[in-house]
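Presented below is the structure to which this report refers.
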Amino acid sequence: MLDITAHPFDDDSATPVVAAAPNDAALLDAYSNAVIGVTERVGPAVVRVEIGARTPNARERGGLGSGIVISPDGLVLTNSHVVGNSKHIRLRDTEGVVTEARVLGADPDTDLALLRADGARELRYAGLGNSKNLKRGQLVVAIGNPLGFESTVTAGVVSALGRSIRSVSGRNIEDVIQTDAALNPGNSGGALVSSRGEVIGINTAIIQGAQGICFAVASNTAQFVLSEIIRHGYVRRAFIGVSGQTAPIPRRHAVLAGIENTMGALLDQIDPDGPAAKAGLLPGDVVIALDHVPVNGVDDLIRILDRDRIDRAIEIDVLRMGRLRAIDIRPVERRAAPRSS
């Protein structure tokens, strides 16, 4: 008898017919449930940040930014560029309740600001997670108010870790999270949340013209900044009183000095009353190490000058006229710029 039943695997050139996996629906439901669960847990803690002297009850077009409530007594994290220098700030929650707020401190170097909601208690809040536990490819959810559309949720994955982006102050923000969760103007200051419902980043920036490349300040950085602001009102950093640029080191100078640096921090200007001038540093010196930590450019120099080196005698290694010199210097505390009205 002639068998006319199709056997797709008899012909090597034929494409096998693959039946849909019976658990595809379950996997999709698990993904959806994860996003829904995060939204229900963290969404109510995300607020809209509005600035200006408008009446609190007025309905406004669009929002100026987002924020995340991190404690029941009204501490709110947002971006420094969202609040700017404004002293008239309001927070609008998911139920439409408006609360006046004030800035406890802002750190343009990390684009973070800490607000206090006035007269508000027992707010819905979310906890900060440990961003060091993140993995590339991990599911993340961004919650904010893009383009004024309140409580918008987008999902994506962690695209990369340990990125550096330039802040408005000119410093590099280190340990930045890159994600493909869609962000738009107004999402700044909102929460980047893990599938466990932990805030692991504060959304800060998008690259104009790029698709699917967005950034968030890591929660560990945010934890450091808020603890410094609560304790001191600003983030403490060391200061030596120099300005400079990243410059190449001639190979012959490196060989003569016995160093491996190919780049260094070339000092352009020296503050006459700063620690660098008192230590004897001169314009034209090239910094190649500070406190025995290699310096391969201005960004390295800025990063090394942290709070742990304030008012402590350390050694700075420079090339002067091609010769290596070790100079003792004592950095002082850099004062935060005052906020204007």
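Chain lettering (A, B, ...) mirrors the order of the structure tokens, residue numbering begins at 1 for each chain separately, and ligand numbering begins at 1 in order of display.
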Contacts between segment 186-196 of chain A and segment 89-165 of chain A, please, where a residue of segment 89-165 of chain A counts if it comes within 6 Å (with only C-alpha atoms); show its shortest atom pair and distance in Å to one decimal, rows by chain and ascending number, as a tab-separated table.
residue	atom	partner	partner_atom	distance
A:Val140	CA	A:Ser194	CA	4.8
A:Val141	CA	A:Val193	CA	5.1
A:Ala142	CA	A:Leu192	CA	4.5
A:Ile143	CA	A:Ala191	CA	5.4
A:Gly144	CA	A:Gly190	CA	4.8
A:Asn145	CA	A:Asn187	CA	5.2
A:Pro146	CA	A:Gly186	CA	4.2
A:Leu147	CA	A:Gly186	CA	5.3
Take the selection from the previous step and output its residues with all heavy atoms, as an mmCIF file, in the first residue's frame.
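Listed below is the output, selection20.cif:
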data_model
loop_
_atom_site.group_PDB
_atom_site.id
_atom_site.type_symbol
_atom_site.label_atom_id
_atom_site.label_comp_id
_atom_site.auth_asym_id
_atom_site.auth_seq_id
_atom_site.Cartn_x
_atom_site.Cartn_y
_atom_site.Cartn_z
ATOM 1 N N VAL A 140 14.909 44.415 34.372
ATOM 2 C CA VAL A 140 14.713 45.627 35.159
ATOM 3 C C VAL A 140 13.479 46.355 34.659
ATOM 4 O O VAL A 140 13.080 46.221 33.497
ATOM 5 C CB VAL A 140 15.940 46.567 35.097
ATOM 6 C CG1 VAL A 140 17.109 46.005 35.885
ATOM 7 C CG2 VAL A 140 16.353 46.846 33.657
ATOM 8 N N VAL A 141 12.882 47.133 35.549
ATOM 9 C CA VAL A 141 11.674 47.886 35.237
ATOM 10 C C VAL A 141 11.916 49.346 35.590
ATOM 11 O O VAL A 141 12.394 49.655 36.695
ATOM 12 C CB VAL A 141 10.461 47.348 36.023
ATOM 13 C CG1 VAL A 141 9.218 48.185 35.737
ATOM 14 C CG2 VAL A 141 10.210 45.890 35.679
ATOM 15 N N ALA A 142 11.629 50.242 34.657
ATOM 16 C CA ALA A 142 11.760 51.680 34.896
ATOM 17 C C ALA A 142 10.371 52.267 35.121
ATOM 18 O O ALA A 142 9.443 52.020 34.346
ATOM 19 C CB ALA A 142 12.439 52.367 33.715
ATOM 20 N N ILE A 143 10.234 53.033 36.196
ATOM 21 C CA ILE A 143 8.950 53.644 36.553
ATOM 22 C C ILE A 143 9.156 55.144 36.689
ATOM 23 O O ILE A 143 10.081 55.586 37.372
ATOM 24 C CB ILE A 143 8.393 53.074 37.870
ATOM 25 C CG1 ILE A 143 8.339 51.547 37.817
ATOM 26 C CG2 ILE A 143 7.010 53.638 38.162
ATOM 27 C CD1 ILE A 143 7.904 50.898 39.113
ATOM 28 N N GLY A 144 8.319 55.923 36.026
ATOM 29 C CA GLY A 144 8.456 57.375 36.102
ATOM 30 C C GLY A 144 7.309 58.070 35.417
ATOM 31 O O GLY A 144 6.224 57.492 35.225
ATOM 32 N N ASN A 145 7.544 59.335 35.042
ATOM 33 C CA ASN A 145 6.513 60.169 34.431
ATOM 34 C C ASN A 145 7.016 60.771 33.119
ATOM 35 O O ASN A 145 7.119 61.988 32.986
ATOM 36 C CB ASN A 145 6.110 61.292 35.395
ATOM 37 C CG ASN A 145 5.657 60.759 36.735
ATOM 38 O OD1 ASN A 145 4.616 60.141 36.840
ATOM 39 N ND2 ASN A 145 6.465 60.992 37.764
ATOM 40 N N PRO A 146 7.346 59.934 32.130
ATOM 41 C CA PRO A 146 7.899 60.469 30.886
ATOM 42 C C PRO A 146 6.898 61.335 30.140
ATOM 43 O O PRO A 146 5.734 60.975 29.990
ATOM 44 C CB PRO A 146 8.245 59.203 30.084
ATOM 45 C CG PRO A 146 7.304 58.167 30.606
ATOM 46 C CD PRO A 146 7.149 58.484 32.071
ATOM 47 N N LEU A 147 7.393 62.516 29.705
ATOM 48 C CA LEU A 147 6.569 63.441 28.915
ATOM 49 C C LEU A 147 5.295 63.827 29.642
ATOM 50 O O LEU A 147 4.308 64.203 29.027
ATOM 51 C CB LEU A 147 6.238 62.827 27.548
ATOM 52 C CG LEU A 147 7.444 62.380 26.722
ATOM 53 C CD1 LEU A 147 6.993 61.675 25.453
ATOM 54 C CD2 LEU A 147 8.349 63.563 26.385
#
Using only C-alpha atoms, determine which residues lie at most 8 Å from Glu50 of chain A, disregarding the query and same-chain residues fewer than 5 positions distant; provide the list as a list in words.
->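 Those residues are Gly63, Leu64, Gly65, Ile89, Arg90, Leu91 and Arg92 of chain A.
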Name the residues of segment 282-326 of chain A that come out as strand (DSSP E) in a backbone DSSP run; write them as a ChimeraX atom specification.
-> /A:286-290,293-294,314-320,323-326
Output file for the selection above: N, CA and C atoms, as a PDB file, in the first residue's frame:
ATOM      1  N   VAL A 286      52.917  67.370  35.190  1.00  0.00           N
ATOM      2  CA  VAL A 286      52.022  66.303  34.754  1.00  0.00           C
ATOM      3  C   VAL A 286      51.892  65.297  35.897  1.00  0.00           C
ATOM      4  N   VAL A 287      50.704  65.190  36.454  1.00  0.00           N
ATOM      5  CA  VAL A 287      50.462  64.264  37.562  1.00  0.00           C
ATOM      6  C   VAL A 287      50.350  62.849  37.009  1.00  0.00           C
ATOM      7  N   ILE A 288      51.148  61.935  37.554  1.00  0.00           N
ATOM      8  CA  ILE A 288      51.087  60.545  37.097  1.00  0.00           C
ATOM      9  C   ILE A 288      50.685  59.583  38.224  1.00  0.00           C
ATOM     10  N   ALA A 289      50.617  60.084  39.485  1.00  0.00           N
ATOM     11  CA  ALA A 289      50.158  59.254  40.602  1.00  0.00           C
ATOM     12  C   ALA A 289      49.781  60.156  41.765  1.00  0.00           C
ATOM     13  N   LEU A 290      48.778  59.734  42.525  1.00  0.00           N
ATOM     14  CA  LEU A 290      48.362  60.448  43.728  1.00  0.00           C
ATOM     15  C   LEU A 290      48.100  59.430  44.823  1.00  0.00           C
ATOM     16  N   VAL A 293      48.355  55.891  43.789  1.00  0.00           N
ATOM     17  CA  VAL A 293      47.361  55.386  42.833  1.00  0.00           C
ATOM     18  C   VAL A 293      47.669  56.005  41.477  1.00  0.00           C
ATOM     19  N   PRO A 294      47.843  55.194  40.409  1.00  0.00           N
ATOM     20  CA  PRO A 294      48.182  55.753  39.091  1.00  0.00           C
ATOM     21  C   PRO A 294      47.122  56.731  38.591  1.00  0.00           C
ATOM     22  N   ILE A 314      49.480  63.342  51.811  1.00  0.00           N
ATOM     23  CA  ILE A 314      49.672  62.281  50.825  1.00  0.00           C
ATOM     24  C   ILE A 314      50.763  62.716  49.848  1.00  0.00           C
ATOM     25  N   GLU A 315      51.175  61.795  49.014  1.00  0.00           N
ATOM     26  CA  GLU A 315      52.241  62.064  48.052  1.00  0.00           C
ATOM     27  C   GLU A 315      51.666  62.163  46.648  1.00  0.00           C
ATOM     28  N   ILE A 316      52.092  63.185  45.936  1.00  0.00           N
ATOM     29  CA  ILE A 316      51.675  63.342  44.537  1.00  0.00           C
ATOM     30  C   ILE A 316      52.932  63.267  43.667  1.00  0.00           C
ATOM     31  N   ASP A 317      52.912  62.379  42.673  1.00  0.00           N
ATOM     32  CA  ASP A 317      54.043  62.188  41.769  1.00  0.00           C
ATOM     33  C   ASP A 317      53.777  62.930  40.468  1.00  0.00           C
ATOM     34  N   VAL A 318      54.731  63.781  40.079  1.00  0.00           N
ATOM     35  CA  VAL A 318      54.555  64.573  38.869  1.00  0.00           C
ATOM     36  C   VAL A 318      55.818  64.487  38.017  1.00  0.00           C
ATOM     37  N   LEU A 319      55.608  64.700  36.725  1.00  0.00           N
ATOM     38  CA  LEU A 319      56.730  64.878  35.808  1.00  0.00           C
ATOM     39  C   LEU A 319      56.908  66.365  35.584  1.00  0.00           C
ATOM     40  N   ARG A 320      58.127  66.871  35.877  1.00  0.00           N
ATOM     41  CA  ARG A 320      58.440  68.282  35.663  1.00  0.00           C
ATOM     42  C   ARG A 320      59.667  68.364  34.770  1.00  0.00           C
ATOM     43  N   ARG A 323      61.303  65.037  34.300  1.00  0.00           N
ATOM     44  CA  ARG A 323      61.890  64.339  35.439  1.00  0.00           C
ATOM     45  C   ARG A 323      60.836  64.097  36.520  1.00  0.00           C
ATOM     46  N   LEU A 324      60.932  62.937  37.160  1.00  0.00           N
ATOM     47  CA  LEU A 324      59.948  62.538  38.167  1.00  0.00           C
ATOM     48  C   LEU A 324      60.235  63.224  39.495  1.00  0.00           C
ATOM     49  N   ARG A 325      59.198  63.794  40.077  1.00  0.00           N
ATOM     50  CA  ARG A 325      59.302  64.411  41.396  1.00  0.00           C
ATOM     51  C   ARG A 325      58.177  63.909  42.287  1.00  0.00           C
ATOM     52  N   ALA A 326      58.476  63.672  43.558  1.00  0.00           N
ATOM     53  CA  ALA A 326      57.472  63.300  44.561  1.00  0.00           C
ATOM     54  C   ALA A 326      57.289  64.483  45.502  1.00  0.00           C
TER      55      ALA A 326
END
Could you check which of A:Ala279, A:Val295, A:Ala113, A:Ile207 is closest to Glu260 of chain A, using only C-alpha atoms?
->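 Residue with the minimum atom-to-atom distance to Glu260 of chain A: A:Val295.
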Fewer than 3 positions away in the same chain doesn't count, so skip those; otherwise give me all residues within 9 Å of Asp180 of chain A, counting only C-alpha atoms, as JSON, numbers by chain.
-> {"A": [155, 156, 157, 158, 159, 183, 211, 212, 213, 214, 215]}
